[in-house]
Amino acid sequence: EVASLDGHLLLQLKNKGYDVYGCDPSILSKKAEKKVGYGRIKKSFFNENNYKKNSFDIIILRNLLEHIYNPKKFLRGINKCLKDNGYLFVEVPNVEFFYP
């Protein structure tokens with residue numbers, strides 16, 4: 001998960017048997033590391049060079065994409081880290097929820 005914050009989702013996935021990794025520059029990444037294991041959280045912003053090409057079956061972005069300055073470049077980097085036929089799950093806020 002990119003922008004994994006405190007690792008809440010990663011812990012849920014880990015408990016279901018997934019091999020999880022996260023990336024987050026915030027101080028909350030220390031909490032995530034305690035939850036999912038040391039060495040599984042990169043304490044930095046996502047960069048395609050942080051991971052090997054074709055590293056992941058699934059990459060999750062929750063409430064992150066709308067904060068990215070150059071989403072096309074960012075998503076190209078994400079794509080490099082995904083395995084062939086990998087999945088990218090993206091969650092973005094629904095403005096209608098805030099402004100009906």
# chains A, B, ... in the order shown; residues from 1 in each chain; ligands from 1
$ residues_around --residues "Gly22 in chain A" --least-positions-apart "6" --cutoff "12 Å" --atoms "only C-alpha atoms" --output "PyMOL selection string"
chain A and resi 1-11+13-14+28-33+35-46+50-51+56+58-61
$ write_last_selection --atoms "C-alpha atoms" --output "mmCIF file, in the first residue's frame"
data_model
loop_
_atom_site.group_PDB
_atom_site.id
_atom_site.type_symbol
_atom_site.label_atom_id
_atom_site.label_comp_id
_atom_site.auth_asym_id
_atom_site.auth_seq_id
_atom_site.Cartn_x
_atom_site.Cartn_y
_atom_site.Cartn_z
ATOM 1 C CA GLU A 1 0.000 0.000 0.000
ATOM 2 C CA VAL A 2 1.329 3.408 -0.956
ATOM 3 C CA ALA A 3 0.608 5.991 1.763
ATOM 4 C CA SER A 4 0.016 3.214 4.273
ATOM 5 C CA LEU A 5 -0.093 5.598 7.265
ATOM 6 C CA ASP A 6 -0.356 3.548 10.477
ATOM 7 C CA GLY A 7 -0.650 0.207 8.650
ATOM 8 C CA HIS A 8 -4.289 -0.516 9.553
ATOM 9 C CA LEU A 9 -5.192 -1.967 6.151
ATOM 10 C CA LEU A 10 -1.862 -3.756 5.840
ATOM 11 C CA LEU A 11 -2.435 -5.495 9.176
ATOM 12 C CA LEU A 13 -4.417 -8.040 4.846
ATOM 13 C CA LYS A 14 -1.493 -9.639 6.686
ATOM 14 C CA LEU A 28 2.906 6.983 11.514
ATOM 15 C CA SER A 29 5.011 4.583 9.476
ATOM 16 C CA LYS A 30 6.694 3.524 12.732
ATOM 17 C CA LYS A 31 3.315 2.245 13.955
ATOM 18 C CA ALA A 32 2.798 0.431 10.674
ATOM 19 C CA GLU A 33 6.184 -1.213 10.954
ATOM 20 C CA LYS A 35 2.095 -3.977 13.088
ATOM 21 C CA VAL A 36 3.344 -5.665 9.932
ATOM 22 C CA GLY A 37 7.031 -6.266 10.596
ATOM 23 C CA TYR A 38 10.297 -4.431 10.408
ATOM 24 C CA GLY A 39 11.701 -3.886 6.940
ATOM 25 C CA ARG A 40 8.245 -3.997 5.330
ATOM 26 C CA ILE A 41 7.602 -0.244 5.399
ATOM 27 C CA LYS A 42 9.649 2.213 3.360
ATOM 28 C CA LYS A 43 9.686 5.486 5.273
ATOM 29 C CA SER A 44 9.639 7.695 2.196
ATOM 30 C CA PHE A 45 7.407 8.957 -0.561
ATOM 31 C CA PHE A 46 6.780 6.401 -3.287
ATOM 32 C CA ASN A 50 12.258 2.145 -4.181
ATOM 33 C CA TYR A 51 11.151 -1.240 -5.519
ATOM 34 C CA PHE A 56 3.844 -6.645 -6.708
ATOM 35 C CA ILE A 58 -1.468 -5.693 -6.119
ATOM 36 C CA ILE A 59 -0.799 -2.044 -5.278
ATOM 37 C CA ILE A 60 -3.322 -0.038 -3.268
ATOM 38 C CA LEU A 61 -3.713 3.764 -3.274
#
$ residues_around --residues "range 68-81 of chain A" --least-positions-apart "2" --cutoff "6 Å" --atoms "only C-alpha atoms" --output "ChimeraX atom specification"
/A:48,53-55,65-66
$ select_by_dssp --residues "chain A" --states "strand (DSSP E or B)" --output "list in words"
Val2, Gly22, Cys23, Ile41, Lys42, Phe56, Asp57, Ile58, Ile59, Ile60, Leu61, Arg62, Leu82, Lys83, Asp84, Asn85, Gly86, Tyr87, Leu88, Phe89, Val90 and Glu91 of chain A
$ select_by_dssp --residues "chain A" --states "helix (DSSP H, G or I)" --output "PyMOL selection string"
chain A and resi 8-15+29-36+48-50+65-67+71-81+95-98
$ atom_distance --atom1 "CA of Asp57 in chain A" --atom2 "CA of Leu88 in chain A"
8.6 Å
$ atom_distance --atom1 "CA of Leu64 in chain A" --atom2 "CA of Val95 in chain A"
14.5 Å
$ atom_distance --atom1 "CA of Lys16 in chain A" --atom2 "CA of Pro93 in chain A"
26.2 Å
